[in-house]
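File shown here: protein20.txt, holding compact mmCIF, C-alpha atoms.
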# COMPACT_ATOMS: atom_id res chain seq x y z
CA MET A 1 -37.02 -20.39 -15.67
CA ASN A 2 -34.92 -22.61 -13.39
CA ASP A 3 -35.70 -20.36 -10.42
CA GLN A 4 -39.43 -20.74 -11.09
CA THR A 5 -39.08 -24.51 -11.37
CA ASP A 6 -37.13 -24.68 -8.10
CA TYR A 7 -39.77 -22.52 -6.39
CA GLU A 8 -42.55 -24.83 -7.60
CA LYS A 9 -40.63 -27.86 -6.34
CA ILE A 10 -40.12 -26.27 -2.92
CA GLU A 11 -43.79 -25.27 -2.75
CA LYS A 12 -44.86 -28.79 -3.74
CA GLN A 13 -42.60 -30.33 -1.11
CA ALA A 14 -43.98 -27.97 1.52
CA LYS A 15 -47.54 -28.94 0.61
CA THR A 16 -46.60 -32.62 0.75
CA ARG A 17 -45.04 -32.23 4.20
CA LYS A 18 -48.09 -30.30 5.40
CA THR A 19 -50.46 -32.95 4.06
CA ALA A 20 -48.42 -35.74 5.65
CA GLY A 21 -48.33 -33.83 8.93
CA ASN A 22 -52.11 -33.37 8.87
CA ILE A 23 -52.63 -37.08 8.16
CA VAL A 24 -50.44 -38.07 11.12
CA ARG A 25 -52.10 -35.47 13.37
CA TYR A 26 -55.64 -36.54 12.55
CA PHE A 27 -54.69 -40.20 12.85
CA LEU A 28 -53.31 -39.65 16.36
CA LEU A 29 -56.34 -37.53 17.33
CA THR A 30 -58.69 -40.21 16.04
CA LEU A 31 -56.79 -42.91 17.90
CA TRP A 32 -56.90 -40.85 21.11
CA ALA A 33 -60.63 -40.17 20.67
CA ILE A 34 -61.29 -43.91 20.31
CA ILE A 35 -59.30 -44.64 23.46
CA VAL A 36 -61.16 -41.96 25.43
CA LEU A 37 -64.66 -42.74 24.14
CA PHE A 38 -64.40 -46.53 24.21
CA PRO A 39 -65.27 -46.84 27.96
CA PHE A 40 -68.46 -44.83 27.34
CA TYR A 41 -69.36 -47.05 24.39
CA TRP A 42 -68.72 -50.17 26.45
CA MET A 43 -70.84 -48.80 29.29
CA VAL A 44 -73.82 -48.13 27.00
CA LEU A 45 -73.35 -51.44 25.17
CA THR A 46 -73.33 -53.42 28.42
CA SER A 47 -76.39 -51.57 29.68
CA VAL A 48 -78.51 -52.81 26.75
CA LYS A 49 -77.50 -56.45 27.11
CA SER A 50 -79.74 -58.77 29.06
CA TYR A 51 -78.40 -60.46 32.17
CA GLY A 52 -78.45 -63.86 30.46
CA THR A 53 -76.72 -62.60 27.33
CA TYR A 54 -73.98 -60.86 29.28
CA ASN A 55 -73.20 -63.91 31.41
CA SER A 56 -73.30 -66.30 28.46
CA GLU A 57 -70.53 -64.42 26.62
CA ARG A 58 -67.28 -66.25 27.21
CA ILE A 59 -65.58 -63.57 25.11
CA PRO A 60 -67.21 -60.12 25.47
CA ALA A 61 -68.92 -59.05 22.24
CA PHE A 62 -68.36 -55.53 20.88
CA PHE A 63 -71.99 -55.28 19.70
CA THR A 64 -75.35 -56.90 20.38
CA LEU A 65 -78.12 -57.95 18.02
CA SER A 66 -80.78 -58.07 20.73
CA PRO A 67 -80.62 -54.85 22.78
CA THR A 68 -83.03 -54.41 25.68
CA LEU A 69 -84.14 -51.48 27.83
CA GLN A 70 -85.21 -53.69 30.72
CA ASN A 71 -82.09 -52.74 32.68
CA TYR A 72 -83.11 -49.08 32.57
CA MET A 73 -86.59 -49.95 33.81
CA ASP A 74 -85.05 -51.97 36.65
CA ALA A 75 -82.84 -49.01 37.54
CA PHE A 76 -85.92 -47.04 38.57
CA THR A 77 -88.17 -49.83 39.83
CA THR A 78 -85.83 -52.25 41.60
CA VAL A 79 -83.67 -49.68 43.38
CA SER A 80 -84.08 -46.08 44.59
CA LEU A 81 -82.28 -44.45 41.67
CA GLY A 82 -85.02 -41.82 41.31
CA LYS A 83 -84.56 -40.78 44.95
CA TYR A 84 -80.78 -40.56 44.52
CA LEU A 85 -81.22 -38.39 41.43
CA TRP A 86 -83.64 -36.10 43.27
CA ASN A 87 -81.27 -35.78 46.25
CA THR A 88 -78.40 -34.94 43.93
CA LEU A 89 -80.45 -32.38 42.00
CA LEU A 90 -81.55 -30.71 45.24
CA PHE A 91 -78.01 -30.71 46.62
CA THR A 92 -76.59 -29.34 43.35
CA VAL A 93 -79.11 -26.51 42.90
CA ILE A 94 -78.98 -25.27 46.51
CA THR A 95 -75.19 -25.55 46.83
CA THR A 96 -74.50 -23.85 43.51
CA SER A 97 -76.97 -21.02 44.21
CA ILE A 98 -75.52 -20.22 47.65
CA MET A 99 -71.95 -20.52 46.39
CA LEU A 100 -72.65 -18.14 43.52
CA VAL A 101 -73.82 -15.44 45.92
CA VAL A 102 -70.87 -15.98 48.28
CA ILE A 103 -68.11 -15.96 45.68
CA THR A 104 -69.61 -13.02 43.75
CA LEU A 105 -69.66 -10.80 46.84
CA ALA A 106 -66.19 -11.96 47.93
CA ALA A 107 -64.68 -11.47 44.47
CA PHE A 108 -66.21 -7.99 44.18
CA ALA A 109 -64.80 -7.00 47.58
CA PHE A 110 -61.30 -8.18 46.69
CA ALA A 111 -61.38 -6.68 43.18
CA ARG A 112 -63.09 -3.32 43.66
CA LEU A 113 -63.44 -2.25 47.29
CA ASN A 114 -60.53 -0.52 48.95
CA PHE A 115 -60.04 -1.53 52.57
CA LYS A 116 -56.99 -1.80 54.79
CA GLY A 117 -55.03 -5.01 54.31
CA ARG A 118 -57.06 -6.14 51.29
CA ASP A 119 -54.12 -7.58 49.34
CA PHE A 120 -52.67 -9.24 52.44
CA VAL A 121 -55.99 -10.85 53.30
CA PHE A 122 -56.40 -12.03 49.70
CA THR A 123 -52.91 -13.57 49.80
CA LEU A 124 -53.78 -15.41 52.99
CA PHE A 125 -57.01 -16.50 51.37
CA LEU A 126 -55.15 -17.93 48.38
CA SER A 127 -52.80 -19.79 50.70
CA LEU A 128 -55.78 -21.95 51.70
CA MET A 129 -55.41 -23.61 48.30
CA MET A 130 -52.14 -25.12 49.57
CA ILE A 131 -53.91 -27.06 52.34
CA PRO A 132 -54.58 -30.70 51.37
CA ASN A 133 -58.25 -31.49 50.88
CA GLU A 134 -57.99 -34.40 53.32
CA LEU A 135 -57.23 -32.01 56.18
CA VAL A 136 -60.20 -29.82 55.24
CA VAL A 137 -62.48 -32.86 55.13
CA ILE A 138 -61.41 -33.90 58.64
CA THR A 139 -62.01 -30.39 59.99
CA ASN A 140 -65.39 -30.11 58.28
CA PHE A 141 -66.44 -33.53 59.53
CA THR A 142 -65.59 -32.62 63.12
CA THR A 143 -67.43 -29.30 62.86
CA ILE A 144 -70.56 -30.74 61.23
CA THR A 145 -70.66 -33.61 63.73
CA ASN A 146 -70.32 -31.26 66.70
CA LEU A 147 -73.20 -29.18 65.32
CA GLY A 148 -75.37 -32.30 65.08
CA LEU A 149 -75.83 -31.97 61.32
CA ARG A 150 -74.89 -35.47 60.21
CA ASN A 151 -77.49 -37.16 57.98
CA THR A 152 -78.99 -33.80 56.99
CA PHE A 153 -78.99 -31.78 53.77
CA THR A 154 -77.59 -28.83 55.74
CA GLY A 155 -74.56 -30.90 56.70
CA LEU A 156 -74.10 -31.96 53.08
CA ILE A 157 -74.37 -28.43 51.71
CA LEU A 158 -72.53 -26.15 54.16
CA PRO A 159 -68.89 -27.18 53.45
CA SER A 160 -69.43 -26.71 49.70
CA VAL A 161 -70.88 -23.19 49.57
CA THR A 162 -67.58 -21.48 48.85
CA SER A 163 -64.43 -22.05 46.81
CA VAL A 164 -61.10 -20.24 46.94
CA PHE A 165 -60.38 -21.09 43.31
CA TYR A 166 -63.69 -19.75 42.02
CA ILE A 167 -63.28 -16.56 44.05
CA TYR A 168 -59.83 -16.11 42.56
CA LEU A 169 -61.08 -16.78 39.02
CA LEU A 170 -63.97 -14.33 39.37
CA ARG A 171 -61.85 -11.72 41.13
CA GLU A 172 -59.37 -11.71 38.24
CA ASN A 173 -62.27 -11.28 35.83
CA PHE A 174 -63.77 -8.42 37.86
CA ALA A 175 -60.37 -6.73 37.98
CA GLN A 176 -60.39 -6.45 34.18
CA VAL A 177 -63.38 -4.10 34.25
CA PRO A 178 -62.03 -0.51 33.90
CA ASP A 179 -61.95 1.56 37.10
CA SER A 180 -63.47 4.48 35.18
CA LEU A 181 -66.81 2.67 35.06
CA TYR A 182 -66.83 2.31 38.83
CA TYR A 183 -65.89 5.93 39.49
CA ALA A 184 -68.47 7.17 36.99
CA ALA A 185 -71.13 5.06 38.71
CA LYS A 186 -70.14 6.44 42.12
CA VAL A 187 -70.40 10.01 40.81
CA ASP A 188 -73.96 9.20 39.70
CA GLY A 189 -74.74 8.02 43.22
CA THR A 190 -74.86 4.31 42.39
CA SER A 191 -74.36 1.98 45.35
CA ASP A 192 -71.74 -0.75 45.27
CA PHE A 193 -74.38 -3.46 45.22
CA ARG A 194 -76.23 -1.84 42.32
CA TYR A 195 -72.97 -1.38 40.42
CA LEU A 196 -72.19 -5.05 40.95
CA ARG A 197 -75.64 -6.13 39.78
CA LYS A 198 -75.97 -3.78 36.80
CA VAL A 199 -72.39 -3.55 35.50
CA MET A 200 -70.01 -6.18 36.81
CA ILE A 201 -72.22 -9.24 36.60
CA PRO A 202 -73.45 -8.62 33.01
CA ILE A 203 -69.90 -7.95 31.80
CA CYS A 204 -68.52 -11.06 33.48
CA LYS A 205 -71.44 -13.34 32.67
CA PRO A 206 -69.34 -15.87 30.64
CA THR A 207 -67.11 -16.52 33.65
CA LEU A 208 -70.10 -16.81 35.97
CA ILE A 209 -71.72 -19.32 33.62
CA THR A 210 -68.47 -21.29 33.53
CA ILE A 211 -68.27 -21.36 37.32
CA VAL A 212 -71.88 -22.50 37.59
CA ILE A 213 -71.31 -25.35 35.12
CA LEU A 214 -68.09 -26.48 36.81
CA LYS A 215 -69.76 -26.35 40.22
CA VAL A 216 -72.72 -28.39 38.97
CA ILE A 217 -70.32 -31.03 37.67
CA GLU A 218 -68.41 -30.96 40.96
CA CYS A 219 -71.58 -31.40 43.02
CA TRP A 220 -72.91 -34.16 40.77
CA ASN A 221 -69.66 -36.11 41.10
CA SER A 222 -69.20 -35.46 44.82
CA TYR A 223 -68.34 -38.70 46.60
CA VAL A 224 -66.02 -38.45 49.60
CA TRP A 225 -67.91 -35.85 51.65
CA PRO A 226 -71.43 -37.28 51.13
CA ARG A 227 -70.12 -40.77 51.88
CA LEU A 228 -68.47 -39.52 55.06
CA ILE A 229 -71.21 -37.31 56.47
CA THR A 230 -74.23 -39.58 55.96
CA ASP A 231 -74.98 -43.26 56.30
CA ASP A 232 -78.71 -42.84 55.75
CA PRO A 233 -79.82 -43.95 52.25
CA ASN A 234 -82.47 -41.21 52.33
CA TYR A 235 -79.64 -38.66 51.90
CA PHE A 236 -77.45 -40.57 49.46
CA LEU A 237 -76.38 -38.81 46.27
CA VAL A 238 -76.00 -40.67 42.98
CA SER A 239 -72.26 -41.20 43.43
CA ASN A 240 -72.86 -42.91 46.79
CA GLY A 241 -76.08 -44.52 45.66
CA ILE A 242 -74.17 -46.54 43.04
CA GLN A 243 -72.37 -48.41 45.81
CA GLU A 244 -75.65 -48.98 47.63
CA ILE A 245 -77.24 -50.22 44.39
CA ARG A 246 -74.35 -52.62 43.85
CA GLU A 247 -74.45 -54.02 47.38
CA ASN A 248 -78.16 -54.05 48.21
CA GLY A 249 -79.91 -53.47 44.88
CA PHE A 250 -78.97 -55.40 41.78
CA GLY A 251 -76.20 -57.36 43.40
CA ARG A 252 -72.54 -57.64 42.48
CA GLU A 253 -73.10 -59.89 39.47
CA ASN A 254 -75.80 -57.97 37.60
CA ILE A 255 -73.35 -55.79 35.70
CA PRO A 256 -75.77 -54.78 32.86
CA ALA A 257 -78.26 -53.30 35.35
CA MET A 258 -75.42 -51.49 37.11
CA MET A 259 -74.24 -50.05 33.80
CA ALA A 260 -77.77 -48.86 33.03
CA ALA A 261 -77.82 -46.96 36.33
CA VAL A 262 -74.40 -45.45 35.56
CA VAL A 263 -75.59 -44.33 32.11
CA VAL A 264 -78.64 -42.62 33.63
CA ILE A 265 -76.44 -40.86 36.18
CA SER A 266 -73.80 -39.79 33.63
CA LEU A 267 -76.18 -38.58 30.92
CA PRO A 268 -77.14 -35.20 32.50
CA LEU A 269 -73.49 -34.16 32.85
CA ILE A 270 -72.61 -35.26 29.32
CA ILE A 271 -75.52 -33.27 27.89
CA LEU A 272 -74.62 -30.26 30.05
CA PHE A 273 -71.03 -30.27 28.87
CA LEU A 274 -71.93 -30.72 25.21
CA ILE A 275 -74.34 -27.77 25.36
CA PHE A 276 -72.08 -25.39 27.27
CA ARG A 277 -68.57 -26.54 26.28
CA LYS A 278 -67.90 -23.29 24.40
CA LYS A 279 -69.06 -21.24 27.39
CA ILE A 280 -66.68 -23.16 29.64
CA MET A 281 -63.69 -22.52 27.38
CA GLU A 282 -64.63 -18.86 26.93
CA GLY A 283 -65.07 -18.24 30.64
CA VAL A 284 -61.77 -19.87 31.59
CA ALA A 285 -59.95 -17.93 28.85
CA ARG A 286 -61.46 -14.63 30.01
CA GLY A 287 -60.52 -15.35 33.59
CA GLY A 288 -56.85 -15.70 32.68
CA THR A 289 -56.54 -12.85 30.15
CA LYS A 290 -55.87 -9.25 30.99
CA ALA A 291 -57.92 -6.64 29.17

Mind turning the file's structure into structure tokens?
Amino acid sequence: MNDQTDYEKIEKQAKTRKTAGNIVRYFLLTLWAIIVLFPFYWMVLTSVKSYGTYNSERIPAFFTLSPTLQNYMDAFTTVSLGKYLWNTLLFTVITTSIMLVVITLAAFAFARLNFKGRDFVFTLFLSLMMIPNELVVITNFTTITNLGLRNTFTGLILPSVTSVFYIYLLRENFAQVPDSLYYAAKVDGTSDFRYLRKVMIPICKPTLITIVILKVIECWNSYVWPRLITDDPNYFLVSNGIQEIRENGFGRENIPAMMAAVVVISLPLIILFLIFRKKIMEGVARGGTKA
């Protein structure tokens, strides 16, 4: 009887500790979520305040009773936000499409084709990841300038059509596909390209989707290279257009209108991530797990 009572006490204490641990864990997670999400809330809140209301607040208010969408209308009528969005969309779609072809062929070659010095070449290829991005930017700028491609979409796109990291990620995923499938396909007379298109790509689709999403986010947020390679507003992307809007559009003091432009620019990426967040996690996990 005493043993049963002691067991019940121990079990009750364990449940109490578990409940207390869960309370502390969820409290910390909630606190962290508030800290992370607060800048987004403040951005949206500011964007729906009128210019007069915002400037009349001696102490910033955490809510507004008279929201307005005029700032969003000004974002498209007063400045060239629509043009910046179109340039960014064009840059993102073309760059991502070309990169997908390049890295898929490269990853397949490193993962499946047998050629002399393959592993050595791949090691040298990975060593490029050790080179600081600043040095690559300088080299790319010199090359693009010498080719006369400044202030062109070609000059914007070319340096971004490949990625050592994405090739590595996809190559590791391709390497998980059993060799027996490849040999069986070769016995049937299937070409390497057909095997890649019919077998490898469907099997590794989650990783490919992940790469596409990450590349889209990368292109959408690109700032340094577009700012460096073009000074023509006709080729500005949204990240560079924000600075142009601040200096020559709304002005430095019209913060609500600036926040409205930032919300419009950020919304596509937020929606994209919310829709495909599970795909991103799945693709990254598959890329780092051996079958």

Selection near segment 228-241 of chain A, 6 Å with only C-alpha atoms, sequence-local residues under 4 positions removed, as a ChimeraX atom specification: /A:84-85,87-88,150-151,223,245

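The space separating atom CA of Val36 of chain A from atom CA of Leu267 of chain A comes to 16.3 Å.
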
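Separating atom CA of Thr143 of chain A from atom CA of Arg227 of chain A is a distance of 16.1 Å.
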
With a distance cut-off of 9 Å and only C-alpha atoms, select the neighbouring residues of Ile217 of chain A, excluding the residue or stretch itself and same-chain residues fewer than 3 positions from it, and output the selection as a PDB file with C-alpha atoms, in the coordinates of the input.
ATOM      1  CA  THR A  92     -76.590 -29.340  43.350  1.00  0.00           C
ATOM      2  CA  VAL A 212     -71.880 -22.500  37.590  1.00  0.00           C
ATOM      3  CA  ILE A 213     -71.310 -25.350  35.120  1.00  0.00           C
ATOM      4  CA  LEU A 214     -68.090 -26.480  36.810  1.00  0.00           C
ATOM      5  CA  TRP A 220     -72.910 -34.160  40.770  1.00  0.00           C
ATOM      6  CA  ASN A 221     -69.660 -36.110  41.100  1.00  0.00           C
ATOM      7  CA  SER A 222     -69.200 -35.460  44.820  1.00  0.00           C
ATOM      8  CA  LEU A 269     -73.490 -34.160  32.850  1.00  0.00           C
ATOM      9  CA  LEU A 272     -74.620 -30.260  30.050  1.00  0.00           C
ATOM     10  CA  PHE A 273     -71.030 -30.270  28.870  1.00  0.00           C
TER      11      PHE A 273
END

Protein and nucleic acid residues near (-62.9, -34.6, 55.8) (cut-off 12 Å, all atoms listed in the file) as a ChimeraX atom specification: /A:132-145,156,159-160,223-229

Those selected residues, please, written with C-alpha atoms and delivered as a PDB file, in the coordinates of the input.
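Done, and the output landed in result_27.pdb:
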ATOM      1  CA  PRO A 132     -54.580 -30.700  51.370  1.00  0.00           C
ATOM      2  CA  ASN A 133     -58.250 -31.490  50.880  1.00  0.00           C
ATOM      3  CA  GLU A 134     -57.990 -34.400  53.320  1.00  0.00           C
ATOM      4  CA  LEU A 135     -57.230 -32.010  56.180  1.00  0.00           C
ATOM      5  CA  VAL A 136     -60.200 -29.820  55.240  1.00  0.00           C
ATOM      6  CA  VAL A 137     -62.480 -32.860  55.130  1.00  0.00           C
ATOM      7  CA  ILE A 138     -61.410 -33.900  58.640  1.00  0.00           C
ATOM      8  CA  THR A 139     -62.010 -30.390  59.990  1.00  0.00           C
ATOM      9  CA  ASN A 140     -65.390 -30.110  58.280  1.00  0.00           C
ATOM     10  CA  PHE A 141     -66.440 -33.530  59.530  1.00  0.00           C
ATOM     11  CA  THR A 142     -65.590 -32.620  63.120  1.00  0.00           C
ATOM     12  CA  THR A 143     -67.430 -29.300  62.860  1.00  0.00           C
ATOM     13  CA  ILE A 144     -70.560 -30.740  61.230  1.00  0.00           C
ATOM     14  CA  THR A 145     -70.660 -33.610  63.730  1.00  0.00           C
ATOM     15  CA  LEU A 156     -74.100 -31.960  53.080  1.00  0.00           C
ATOM     16  CA  PRO A 159     -68.890 -27.180  53.450  1.00  0.00           C
ATOM     17  CA  SER A 160     -69.430 -26.710  49.700  1.00  0.00           C
ATOM     18  CA  TYR A 223     -68.340 -38.700  46.600  1.00  0.00           C
ATOM     19  CA  VAL A 224     -66.020 -38.450  49.600  1.00  0.00           C
ATOM     20  CA  TRP A 225     -67.910 -35.850  51.650  1.00  0.00           C
ATOM     21  CA  PRO A 226     -71.430 -37.280  51.130  1.00  0.00           C
ATOM     22  CA  ARG A 227     -70.120 -40.770  51.880  1.00  0.00           C
ATOM     23  CA  LEU A 228     -68.470 -39.520  55.060  1.00  0.00           C
ATOM     24  CA  ILE A 229     -71.210 -37.310  56.470  1.00  0.00           C
TER      25      ILE A 229
END

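Using all atoms listed in the file, the contacts of Thr46 of chain A at a cut-off of 7 Å, with sequence neighbours closer than 3 positions omitted, comprise Trp42, Met43, Lys49, Pro256 and Met259 of chain A.
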
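For the set A:Thr190, A:Ser180, A:Thr96, A:Asn146, the residue with the smallest atom-to-atom gap to Thr210 of chain A is A:Thr96, counting only C-alpha atoms.
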
Atom-to-atom span, atom CA of Phe108 of chain A and atom CA of Tyr183 of chain A, Å: 14.7 Å

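Closest approach to Thr68 of chain A from the set A:Gly52, A:Gly148, A:Gly189, A:Gly21 is made by A:Gly52, with distances taken over all atoms listed in the file.
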
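When only C-alpha atoms are used to measure the gap to Gly155 of chain A, the shortest distance among A:Phe193, A:Phe122, A:Phe91, A:Trp32 belongs to A:Phe91.
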
Counting all atoms listed in the file, the option among A:Ser127, A:Thr207, A:Thr16, A:Ser56 closest to Arg171 of chain A: A:Thr207

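When all atoms listed in the file are used to measure the gap to Val262 of chain A, the shortest distance among A:Leu28, A:Ile35, A:Val93, A:Ala75 belongs to A:Ala75.
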